[in-house]
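Data from run_23.txt: compact mmCIF, C-alpha atoms
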# COMPACT_ATOMS: atom_id res chain seq x y z
CA GLN E 174 53.57 93.63 18.06
CA VAL E 175 49.98 92.46 18.12
CA GLN E 176 49.19 89.76 15.60
CA LEU E 177 45.78 88.43 14.61
CA GLN E 178 44.93 85.22 12.80
CA GLU E 179 41.54 84.20 11.48
CA SER E 180 40.45 80.58 11.35
CA GLY E 181 37.35 78.80 10.15
CA PRO E 182 35.87 76.96 7.18
CA GLY E 183 36.44 78.39 3.73
CA LEU E 184 33.19 77.00 2.36
CA VAL E 185 29.75 77.34 3.89
CA ARG E 186 26.48 76.07 2.44
CA PRO E 187 23.65 78.51 1.83
CA SER E 188 21.28 78.92 4.79
CA GLU E 189 23.90 77.53 7.18
CA THR E 190 26.01 79.29 9.80
CA LEU E 191 29.37 80.90 9.20
CA SER E 192 31.69 80.66 12.21
CA LEU E 193 35.08 82.31 12.44
CA THR E 194 37.60 82.74 15.24
CA CYS E 195 40.38 85.29 15.58
CA SER E 196 43.39 84.47 17.73
CA VAL E 197 45.32 87.36 19.23
CA SER E 198 49.01 87.07 20.03
CA GLY E 199 51.88 89.38 20.90
CA GLY E 200 49.78 91.56 23.16
CA SER E 201 46.87 91.73 25.56
CA ILE E 202 43.27 91.23 24.48
CA THR E 203 42.02 93.31 27.40
CA ASN E 204 41.35 97.04 27.31
CA ASP E 205 40.81 97.04 23.58
CA TYR E 206 38.04 96.80 21.05
CA TRP E 207 38.10 93.98 18.51
CA SER E 208 36.26 93.99 15.21
CA TRP E 209 35.25 91.87 12.27
CA LEU E 210 35.15 93.37 8.79
CA ARG E 211 34.64 91.86 5.37
CA GLN E 212 35.34 92.57 1.72
CA PRO E 213 33.42 90.84 -1.09
CA PRO E 214 35.60 89.96 -4.09
CA GLY E 215 36.38 93.09 -6.06
CA LYS E 216 34.39 95.31 -3.73
CA GLY E 217 34.91 97.60 -0.75
CA LEU E 218 35.22 97.14 2.98
CA GLU E 219 32.31 96.65 5.35
CA TRP E 220 32.43 96.78 9.14
CA ILE E 221 30.47 93.93 10.72
CA ALA E 222 30.75 94.24 14.49
CA TYR E 223 32.99 94.96 17.45
CA VAL E 224 33.39 93.54 20.93
CA PHE E 225 35.12 95.04 23.96
CA HIS E 226 36.99 92.82 26.40
CA THR E 227 34.09 93.24 28.85
CA GLY E 228 31.74 91.69 26.32
CA THR E 229 30.13 94.94 25.19
CA THR E 230 29.16 94.66 21.54
CA ASN E 231 27.98 96.77 18.62
CA TYR E 232 26.76 95.62 15.23
CA ASN E 233 26.31 96.90 11.70
CA PRO E 234 22.53 97.42 11.62
CA SER E 235 22.28 95.79 8.20
CA LEU E 236 23.71 92.55 9.63
CA LYS E 237 22.62 92.74 13.25
CA SER E 238 19.78 90.24 12.94
CA ARG E 239 22.15 87.52 11.70
CA VAL E 240 25.43 88.18 13.49
CA THR E 241 26.85 87.47 16.93
CA ILE E 242 30.31 88.49 18.10
CA SER E 243 31.83 87.17 21.29
CA ILE E 244 35.14 87.18 23.13
CA ASP E 245 37.03 84.69 25.28
CA THR E 246 39.76 86.60 27.06
CA SER E 247 41.20 83.47 28.67
CA LYS E 248 41.90 82.03 25.23
CA LYS E 249 42.77 85.43 23.71
CA GLU E 250 40.20 84.83 21.01
CA PHE E 251 37.11 86.50 19.66
CA SER E 252 34.58 84.98 17.32
CA LEU E 253 31.96 85.73 14.71
CA ASN E 254 28.84 83.76 13.97
CA MET E 255 26.60 84.62 11.05
CA ILE E 256 23.42 82.66 10.47
CA SER E 257 21.38 82.06 7.32
CA VAL E 258 24.19 82.91 4.93
CA THR E 259 23.66 83.49 1.23
CA ALA E 260 25.97 83.98 -1.73
CA ALA E 261 26.03 87.69 -0.88
CA ASP E 262 28.01 86.82 2.24
CA THR E 263 30.91 85.49 0.16
CA ALA E 264 33.86 87.67 1.11
CA VAL E 265 37.28 87.90 2.67
CA TYR E 266 36.65 88.23 6.38
CA TYR E 267 39.15 90.19 8.45
CA CYS E 268 39.55 90.46 12.17
CA ALA E 269 41.13 93.65 13.44
CA ARG E 270 41.93 95.60 16.57
CA GLY E 271 39.87 98.70 17.14
CA ALA E 272 36.45 100.21 16.75
CA GLY E 273 36.30 103.09 14.33
CA TRP E 274 39.90 102.76 13.30
CA TYR E 275 41.75 99.51 12.89
CA ASP E 276 45.48 99.46 13.36
CA HIS E 277 46.19 95.74 13.35
CA TRP E 278 44.58 93.30 10.95
CA GLY E 279 44.60 89.59 10.38
CA GLN E 280 45.59 88.27 6.98
CA GLY E 281 41.96 87.66 6.10
CA THR E 282 40.16 84.45 5.27
CA LEU E 283 38.06 83.89 2.18
CA VAL E 284 34.66 82.43 2.95
CA THR E 285 32.66 81.20 0.00
CA VAL E 286 28.97 80.50 0.34
CA SER E 287 28.02 77.83 -2.15
CA SER E 288 26.26 74.52 -2.35
CA GLN I 269 25.34 101.86 -1.66
CA SER I 270 28.09 103.25 0.55
CA ALA I 271 27.21 105.86 3.11
CA LEU I 272 30.36 107.85 2.32
CA THR I 273 31.06 109.07 -1.22
CA GLN I 274 34.53 108.83 -2.74
CA PRO I 275 35.65 109.39 -6.32
CA ALA I 276 36.16 106.09 -8.12
CA SER I 277 39.61 107.05 -9.30
CA VAL I 278 42.27 109.70 -8.96
CA SER I 279 45.54 109.87 -10.84
CA GLY I 280 48.72 111.87 -10.76
CA SER I 281 52.29 111.93 -11.92
CA PRO I 282 55.23 111.09 -9.69
CA GLY I 283 56.09 113.97 -7.42
CA GLN I 284 52.69 115.60 -7.69
CA SER I 285 50.12 115.94 -4.93
CA ILE I 286 46.67 114.44 -5.13
CA THR I 287 43.63 114.75 -2.91
CA ILE I 288 40.91 112.18 -2.34
CA SER I 289 37.60 113.42 -1.00
CA CYS I 290 35.20 111.55 1.22
CA THR I 291 31.77 113.12 1.54
CA GLY I 292 29.30 112.20 4.22
CA THR I 293 26.56 113.95 6.13
CA SER I 294 25.95 115.93 9.28
CA SER I 295 25.43 112.59 11.06
CA ASP I 296 28.90 111.28 10.39
CA ILE I 297 31.82 113.29 9.04
CA GLY I 298 30.15 116.59 9.78
CA ALA I 299 29.52 115.70 13.41
CA PHE I 300 32.57 113.76 14.53
CA ASP I 301 36.32 113.73 14.06
CA TYR I 302 36.25 109.94 13.80
CA VAL I 303 37.45 109.66 10.21
CA SER I 304 40.09 107.11 9.28
CA TRP I 305 41.77 106.22 5.99
CA TYR I 306 43.15 102.90 4.73
CA GLN I 307 45.50 101.99 1.93
CA GLN I 308 45.08 98.61 0.26
CA HIS I 309 47.36 97.21 -2.39
CA PRO I 310 45.92 94.46 -4.63
CA GLY I 311 45.58 91.20 -2.76
CA LYS I 312 46.89 92.73 0.45
CA VAL I 313 45.49 93.58 3.85
CA PRO I 314 44.22 97.14 4.38
CA ARG I 315 46.65 99.40 6.22
CA LEU I 316 45.64 102.26 8.50
CA ILE I 317 47.24 105.50 7.31
CA LEU I 318 45.22 108.17 9.16
CA TYR I 319 42.87 108.19 12.13
CA ASP I 320 40.80 110.87 13.84
CA VAL I 321 40.93 112.89 10.60
CA SER I 322 44.60 113.79 10.55
CA ASN I 323 46.64 111.61 12.90
CA ARG I 324 49.25 109.32 11.41
CA PRO I 325 50.10 105.99 13.08
CA SER I 326 53.73 105.34 13.75
CA GLY I 327 55.58 104.38 10.60
CA VAL I 328 53.24 106.08 8.13
CA SER I 329 54.92 108.55 5.80
CA THR I 330 54.42 112.25 6.41
CA ARG I 331 53.45 112.48 2.75
CA PHE I 332 49.98 111.37 3.85
CA SER I 333 47.87 114.07 5.46
CA GLY I 334 44.22 114.49 6.30
CA SER I 335 41.74 117.27 6.83
CA LYS I 336 38.05 117.90 7.18
CA SER I 337 35.68 120.67 6.19
CA GLY I 338 31.99 120.40 6.90
CA ASN I 339 30.73 117.02 5.77
CA THR I 340 33.80 116.25 3.66
CA ALA I 341 37.08 114.69 4.73
CA SER I 342 40.14 114.67 2.50
CA LEU I 343 43.29 112.60 2.16
CA THR I 344 46.23 114.30 0.47
CA ILE I 345 49.21 112.39 -0.81
CA SER I 346 52.20 114.64 -1.43
CA GLY I 347 55.20 113.75 -3.56
CA LEU I 348 53.33 110.93 -5.23
CA GLN I 349 55.35 107.74 -5.63
CA ALA I 350 54.81 104.56 -7.60
CA GLU I 351 54.26 102.64 -4.36
CA ASP I 352 51.26 104.85 -3.59
CA GLU I 353 49.29 103.17 -6.37
CA ALA I 354 46.56 101.40 -4.42
CA ASP I 355 42.95 101.60 -3.31
CA TYR I 356 42.11 104.05 -0.53
CA TYR I 357 39.09 103.81 1.76
CA CYS I 358 37.66 106.32 4.20
CA ASN I 359 35.69 105.34 7.28
CA SER I 360 33.60 107.26 9.78
CA TYR I 361 31.38 106.80 12.78
CA THR I 362 27.76 107.62 12.10
CA SER I 363 25.26 108.59 14.76
CA SER I 364 22.34 107.73 12.49
CA THR I 365 22.95 104.04 13.14
CA THR I 366 25.61 104.25 15.89
CA SER I 367 27.91 102.23 13.69
CA TYR I 368 30.79 102.68 11.26
CA VAL I 369 30.60 103.18 7.51
CA PHE I 370 33.15 103.02 4.71
CA GLY I 371 33.38 104.76 1.40
CA ALA I 372 33.40 102.61 -1.73
CA GLY I 373 37.09 103.27 -2.25
CA THR I 374 39.24 105.30 -4.60
CA LYS I 375 41.76 103.77 -6.96
CA VAL I 376 44.92 105.87 -7.16
CA THR I 377 46.94 105.52 -10.32
CA VAL I 378 50.46 106.88 -10.65
CA LEU I 379 50.95 107.88 -14.25

Show how you would write the structure in this file as structure tokens.
Amino acid sequence: QVQLQESGPGLVRPSETLSLTCSVSGGSITNDYWSWLRQPPGKGLEWIAYVFHTGTTNYNPSLKSRVTISIDTSKKEFSLNMISVTAADTAVYYCARGAGWYDHWGQGTLVTVSS
Amino acid sequence: QSALTQPASVSGSPGQSITISCTGTSSDIGAFDYVSWYQQHPGKVPRLILYDVSNRPSGVSTRFSGSKSGNTASLTISGLQAEDEADYYCNSYTSSTTSYVFGAGTKVTVL
């Protein structure tokens, strides 16, 4: 059973960079798509980006200018970097397997943007 | 503003059937069978309950079913149970931005 676990700081200052990593266990990271999604407190889900094991990526156009997703298959990890964060980026960030539909999710990590 | 439109809330009594609609456009739901649905209980991780419009992942109850007509996808929950009380989100691929969009979610209340 594939398991995912997010890690990264829970507090980020405005204008700084948010960096998160997702560790994959219990299965292979190859031949699959891997995504980041987020959910602001009390609000709905938003897809951020996906990466394929080859490094192919796709981004939510509303976030594309600020976001980079990458994968390290040797470490069975994929990562998210988001620059120039504001309070509007405060959310629970989830990593998940898939692109278009997401069948395995991490537990989520709350990232608060505040000074 | 979400690209997909869902009713804010739907309610039903135990044992009844309810349907949640998810309306998009000819660039997303109307063009592709890439619609998925998620159930999320308060404070919990979203759970995939349908993909590609009507396919259920292993372990998901047959009480959940999906369909699509034109630009609108639907999730039907049959034999409503107390445990079905949750938020439900639809998701679709959209060719307008070659990305994926969610609905704002529907809160299901079991009366």

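Closest approach to Arg211 of chain E among I:Leu379, I:Val313, I:Ser333, I:Thr291 is made by I:Val313 (distances from all atoms listed in the file).
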
Determine, using all atoms listed in the file, which residues of chain E have any atom at most 6 Å from an atom of chain I, and tabulate each with its shortest atom pair and distance in Å to one decimal place, rows ordered by chain and then rising number, as JSON lines.
{"residue": "E:Gly217", "atom": "CA", "partner": "I:Ala372", "partner_atom": "CA", "distance": 5.3}
{"residue": "E:Asn233", "atom": "CA", "partner": "I:Ser367", "partner_atom": "CA", "distance": 5.9}
{"residue": "E:Trp274", "atom": "CA", "partner": "I:Ser304", "partner_atom": "CA", "distance": 5.9}
{"residue": "E:Asp276", "atom": "CA", "partner": "I:Leu316", "partner_atom": "CA", "distance": 5.6}

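Distance-wise, atom CA of Lys216 of chain E and atom CA of Val265 of chain E end up 10.2 Å apart.
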
Out of I:Gln349, I:Ser342, I:Ser363, I:Ser329, which residue has the shortest atom-to-atom distance to Ser281 of chain I when counting only C-alpha atoms?
I:Gln349

Spatial neighbours of segment 189-201 of chain E, 10 Å, all atoms listed in the file, chain gap at least 6 places, as a VMD selection string:
chain E and resid 174 to 183 207 to 209 226 239 to 246 248 to 259 262 266 to 270 279 281 to 282 284 to 286

Near-Tyr206 of chain E list (8 Å; only C-alpha atoms; drop same-chain fewer than 5 positions) as a ChimeraX atom specification
/E:223-226,270-272

In Å, how far is it from atom CA of Thr227 of chain E to atom CA of Ser364 of chain I?
24.8 Å

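Across the model, the gap from atom CA of Leu283 of chain E to atom CA of Gln274 of chain I is 25.7 Å.
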